[in-house]
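Notes follow the structure.
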Amino acid sequence: MMDALREMALEEGVVVGEPDIWAFHREFLKQVDKRGRVYELEFMARFKLSTMNLFQDMGAGMKMLLKGRLELLPQTVHKLEEIRRIGDACYGPKRKK
Amino acid sequence: MVQKERNKNDLTEGQGHSRIYYYPGCSLMSSARELGESLFQMSRINGSWLSELQDWNCCGASPAHSVNQDYALLLAGRNLLLAERQGIDNLHVICPSCFVRLRTAAKTFENEPDKNEMLESVLGKKYQGSVKLKFFLEMMTEDQLGRFKNAVINPLKGLKGVLYFGCLLTRPEWLTGFDVRPYEESLNEMVRSLGVETVNWGYAKQCCGSHLAVTKPDTVDDMVDRIRDQARRVGANCMIVFCPLCQVNLELRGKNVEPLPVFYASELLGMAAKLPGHKGWLSKHLIDPNPLLSSLNLV
């Protein structure tokens with residue numbers, strides 16, 4: 001129910017009340033669209049860039065990195081064209097990359 | 001109710017395979033790496049070998065179903081098709097969130113033929129419904145428990161833990177097919193068999209806020225503090241979790257209450273059975289558990 005309302009609101013292009021959460025969702029889905037899996041390191045970096053809140057949690061992020069809890073290299077699904085087809089079917093081929 | 005009975009049957013069939021197929025999920029490869037390694041070692045006690053679902057993709061997690069439900073459905077659907085194509089009967093899912101996403105998709109394809117047709121139009125095949133989705137801990141419960149008990153050589157005396165189930169481990173019940181009470185009791189029994197004293201508390205299913213950990217840290221700090229505070233009040237010296245997102249969040253967030261180490265149940269088994277590599281898992285914790293463990297002479 002909430003999901004459906006949110007989806008409708010986004011389609012109509014409303015101003016999002018919680019821009020950070022929307023940015024989080026958007027960057028997450030971009031990761032999925034790009035490689036089929038989420039590459040946490042880039043996801044976090046891009047999320048920080050898009051909210052311009054660069055220094056929040058830097059300490060925690062560095063700690064995770066140093067403890068080897070963030071993967072350094074991304075993994076990609078082999079059949080990426082299937083992920084692309086899913087994206088095209090749901091958002092239309094002209095979606096923003 | 002009928003639905004739940006049917007799910008439950010799904011869960012009890014097909015135990016004891018020597019090869020266990022699993023869906024790792026994105027976090028297992030990075031932020032929950034020690035969970036992955038501990039599971040791998042754990043399954044060896046059971047005489048089984050873990051095999052990953054080939055070419056799996058992200059299940060979509062919360063962002064996909066929050067923004068576009070078809071996208072969430074098809075992402076999960078691709079994994080189901082892969083499992084079917086690879087002849088996998090039982091697919092063990094590691095993360096409770098992935099588990100709920102995949103199971104939701106499987107139920108949707110079963111009950112809504114137009115969604116299954118959509119899957120066919122995009123990926124060229126309908127989902128037949130032949131894959132049984134299981135939560136990974138099921139390999140540790142019921143008839144398998146004896147083997148794990150026998151493997152314990154270093155009982156974890158002195159650890160006093162609260163079990164933290166989080167939001168999605170058993171819920172929604174109609175979807176997961178677990179009977180919540182007996183299931184929680186069996187997890188409790190499993191942890192106790194490792195020598196850990198478990199304490200009852202009221203916050204086992206209080207949301208830890210991991211989905212907002214990055215976007216609303218202040219709110220989540222409060223949520224984690226409240227959980228930690230309760231755990232301390234009942235006299236626990238550690239928390240025991242089953243979900244990779246909860247584990248990171250419960251160690252990362254919270255400001256005002258003195259932090260508690262948070263262990264995966266499989267890590268505790270690793271320590272109790274002295275499985276290869278368990279010291280390495282412990283060093284990955286954001287809250288160093290070693291002072292606690294060495295004060296109890298457990299490492």
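Residues in the structure tokens are numbered from 1 in each chain, the chains being A, B, ... in the order shown, and ligands are numbered from 1 in the order shown.
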
Within 10 Å of Tyr91 (chain A), counting only C-alpha atoms, which residues qualify if same-chain residues fewer than 6 places away don't, as a JSON list (two decimals) with all heavy atoms, in the first residue's frame?
[["chain", "number", "residue", "atom", "x", "y", "z"],
["A", 85, "ARG", "N", 17.38, -5.60, -19.57],
["A", 85, "ARG", "CA", 16.01, -5.85, -20.07],
["A", 85, "ARG", "C", 14.99, -5.63, -18.96],
["A", 85, "ARG", "O", 13.91, -5.10, -19.20],
["A", 85, "ARG", "CB", 15.90, -7.28, -20.63],
["A", 85, "ARG", "CG", 16.50, -7.45, -22.00],
["A", 85, "ARG", "CD", 15.73, -8.47, -22.84],
["A", 85, "ARG", "NE", 15.79, -9.80, -22.29],
["A", 85, "ARG", "CZ", 16.79, -10.66, -22.48],
["A", 85, "ARG", "NH1", 17.83, -10.29, -23.22],
["A", 85, "ARG", "NH2", 16.76, -11.85, -21.96],
["B", 68, "ASN", "N", 9.75, 0.88, -7.29],
["B", 68, "ASN", "CA", 9.08, 0.29, -8.44],
["B", 68, "ASN", "C", 8.91, -1.20, -8.19],
["B", 68, "ASN", "O", 9.86, -1.98, -8.22],
["B", 68, "ASN", "CB", 9.95, 0.53, -9.69],
["B", 68, "ASN", "CG", 9.27, 0.07, -10.97],
["B", 68, "ASN", "OD1", 8.56, -0.94, -10.99],
["B", 68, "ASN", "ND2", 9.45, 0.82, -12.02],
["B", 70, "ASP", "N", 7.45, -3.62, -9.82],
["B", 70, "ASP", "CA", 7.73, -4.58, -10.89],
["B", 70, "ASP", "C", 9.23, -4.86, -10.98],
["B", 70, "ASP", "O", 9.66, -5.98, -11.22],
["B", 70, "ASP", "CB", 7.24, -4.03, -12.24],
["B", 70, "ASP", "CG", 5.73, -4.15, -12.35],
["B", 70, "ASP", "OD1", 5.15, -4.88, -11.52],
["B", 70, "ASP", "OD2", 5.14, -3.51, -13.24],
["B", 71, "TYR", "N", 10.00, -3.80, -10.79],
["B", 71, "TYR", "CA", 11.46, -3.95, -10.84],
["B", 71, "TYR", "C", 11.90, -4.93, -9.75],
["B", 71, "TYR", "O", 12.69, -5.85, -10.00],
["B", 71, "TYR", "CB", 12.09, -2.57, -10.63],
["B", 71, "TYR", "CG", 13.56, -2.48, -10.97],
["B", 71, "TYR", "CD1", 14.05, -2.96, -12.18],
["B", 71, "TYR", "CD2", 14.45, -1.88, -10.09],
["B", 71, "TYR", "CE1", 15.39, -2.86, -12.50],
["B", 71, "TYR", "CE2", 15.80, -1.77, -10.40],
["B", 71, "TYR", "CZ", 16.27, -2.26, -11.61],
["B", 71, "TYR", "OH", 17.60, -2.15, -11.90]]

Legend entry - For Cys95 (chain B): contacts at 9 Å, only C-alpha atoms, fewer than 6 positions along chain excluded, given as an NGL selection string: :B and (23-25 or 27-28 or 135-136 or 169 or 242-245)

Inset, instruction - Once DSSP has gone over the backbone, tell me which residues of region 61-194 of chain B are in strand (DSSP E), as an MDAnalysis selection string. - result: chainID B and resid 90:93 132:135 160:164

Those same residues - all heavy atoms - I'd like them written as a CSV table (one decimal), in the first residue's frame.
chain,number,residue,atom,x,y,z
B,90,ASN,N,16.5,-26.9,-3.4
B,90,ASN,CA,16.4,-26.1,-2.2
B,90,ASN,C,17.5,-25.0,-2.3
B,90,ASN,O,18.7,-25.2,-2.4
B,90,ASN,CB,16.8,-27.0,-1.0
B,90,ASN,CG,15.8,-28.1,-0.8
B,90,ASN,OD1,14.6,-27.8,-0.6
B,90,ASN,ND2,16.2,-29.3,-1.0
B,91,LEU,N,17.0,-23.8,-2.3
B,91,LEU,CA,17.9,-22.6,-2.3
B,91,LEU,C,17.9,-22.0,-0.9
B,91,LEU,O,16.9,-21.5,-0.5
B,91,LEU,CB,17.5,-21.6,-3.4
B,91,LEU,CG,18.4,-20.4,-3.6
B,91,LEU,CD1,19.8,-20.9,-4.1
B,91,LEU,CD2,17.8,-19.5,-4.6
B,92,HIS,N,19.1,-22.0,-0.3
B,92,HIS,CA,19.2,-21.4,1.0
B,92,HIS,C,19.6,-19.9,0.9
B,92,HIS,O,20.6,-19.6,0.2
B,92,HIS,CB,20.3,-22.1,1.8
B,92,HIS,CG,19.9,-23.5,2.3
B,92,HIS,ND1,19.8,-24.6,1.4
B,92,HIS,CD2,19.4,-23.9,3.5
B,92,HIS,CE1,19.4,-25.6,2.1
B,92,HIS,NE2,19.1,-25.3,3.3
B,93,VAL,N,18.8,-19.1,1.5
B,93,VAL,CA,19.1,-17.6,1.4
B,93,VAL,C,19.7,-17.2,2.7
B,93,VAL,O,19.3,-17.6,3.8
B,93,VAL,CB,17.8,-16.9,1.2
B,93,VAL,CG1,18.0,-15.4,0.9
B,93,VAL,CG2,17.1,-17.5,0.0
B,132,LYS,N,12.5,-24.6,-3.7
B,132,LYS,CA,12.1,-24.3,-2.4
B,132,LYS,C,13.1,-23.3,-1.7
B,132,LYS,O,14.3,-23.6,-1.7
B,132,LYS,CB,12.1,-25.6,-1.5
B,132,LYS,CG,11.0,-26.5,-2.0
B,132,LYS,CD,10.8,-27.6,-1.0
B,132,LYS,CE,9.7,-28.6,-1.5
B,132,LYS,NZ,10.3,-29.5,-2.5
B,133,LEU,N,12.6,-22.2,-1.3
B,133,LEU,CA,13.4,-21.2,-0.7
B,133,LEU,C,13.5,-21.4,0.8
B,133,LEU,O,12.5,-21.6,1.5
B,133,LEU,CB,12.9,-19.8,-1.0
B,133,LEU,CG,12.9,-19.4,-2.4
B,133,LEU,CD1,12.0,-18.2,-2.7
B,133,LEU,CD2,14.3,-19.1,-2.9
B,134,LYS,N,14.7,-21.5,1.3
B,134,LYS,CA,14.9,-21.8,2.7
B,134,LYS,C,15.8,-20.7,3.3
B,134,LYS,O,16.7,-20.2,2.7
B,134,LYS,CB,15.5,-23.1,2.9
B,134,LYS,CG,14.7,-24.2,2.3
B,134,LYS,CD,15.3,-25.6,2.6
B,134,LYS,CE,14.2,-26.6,2.5
B,134,LYS,NZ,14.5,-27.8,3.3
B,135,PHE,N,15.6,-20.5,4.6
B,135,PHE,CA,16.5,-19.6,5.3
B,135,PHE,C,17.7,-20.5,5.8
B,135,PHE,O,17.6,-21.6,6.2
B,135,PHE,CB,15.8,-19.0,6.5
B,135,PHE,CG,16.6,-17.9,7.2
B,135,PHE,CD1,17.1,-16.9,6.4
B,135,PHE,CD2,16.9,-18.0,8.5
B,135,PHE,CE1,17.8,-15.9,7.0
B,135,PHE,CE2,17.7,-17.0,9.1
B,135,PHE,CZ,18.1,-16.0,8.4
B,160,LYS,N,27.0,-14.2,28.1
B,160,LYS,CA,25.6,-14.1,28.4
B,160,LYS,C,25.0,-13.2,27.3
B,160,LYS,O,25.3,-12.0,27.3
B,160,LYS,CB,25.5,-13.5,29.8
B,160,LYS,CG,24.2,-13.7,30.5
B,160,LYS,CD,24.3,-13.2,31.9
B,160,LYS,CE,22.9,-13.2,32.5
B,160,LYS,NZ,22.8,-12.5,33.8
B,161,GLY,N,24.2,-13.8,26.5
B,161,GLY,CA,23.7,-13.1,25.3
B,161,GLY,C,22.2,-13.0,25.2
B,161,GLY,O,21.5,-13.8,25.8
B,162,VAL,N,21.8,-11.9,24.5
B,162,VAL,CA,20.4,-11.8,24.2
B,162,VAL,C,20.3,-12.1,22.7
B,162,VAL,O,21.1,-11.7,21.9
B,162,VAL,CB,19.8,-10.4,24.5
B,162,VAL,CG1,19.5,-10.3,25.9
B,162,VAL,CG2,20.7,-9.3,24.0
B,163,LEU,N,19.3,-12.9,22.3
B,163,LEU,CA,19.1,-13.2,20.9
B,163,LEU,C,18.3,-12.0,20.3
B,163,LEU,O,17.3,-11.6,20.8
B,163,LEU,CB,18.2,-14.4,20.7
B,163,LEU,CG,19.0,-15.7,20.4
B,163,LEU,CD1,19.9,-16.0,21.6
B,163,LEU,CD2,18.1,-16.9,20.2
B,164,TYR,N,18.8,-11.5,19.2
B,164,TYR,CA,18.1,-10.4,18.5
B,164,TYR,C,17.7,-10.9,17.2
B,164,TYR,O,18.5,-11.2,16.3
B,164,TYR,CB,19.1,-9.2,18.4
B,164,TYR,CG,18.4,-8.0,17.7
B,164,TYR,CD1,17.6,-7.2,18.4
B,164,TYR,CD2,18.7,-7.8,16.4
B,164,TYR,CE1,16.9,-6.2,17.7
B,164,TYR,CE2,18.0,-6.8,15.7
B,164,TYR,CZ,17.2,-5.9,16.4
B,164,TYR,OH,16.5,-4.9,15.7

Legend entry - Contacts of region 278-293 of chain B within 8 Å, only C-alpha atoms, excl. fewer than 4 positions in-chain, as a list of chain:residue names: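 In the requested format, the answer is A:Lys63, A:Met64, A:Lys67, A:Gly68, A:Arg69, B:Glu34, B:Leu35, B:Glu37, B:Ser38, B:Val248, B:Glu251, B:Leu252, B:Pro259, B:Leu260, B:Pro261, B:Val262, B:Glu267, B:Gly270, B:Met271, B:Lys274, B:Asn297, B:Leu298, B:Val299.
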
Legend entry - Distance filter 9 Å, only C-alpha atoms, chain A against chain B, as a PyMOL selection string: chain A and resi 2-4+6-8+10+20-26+28-29+32+35-40+44+57+60+63-64+66-72+76-79+82-83+85-87+89-91
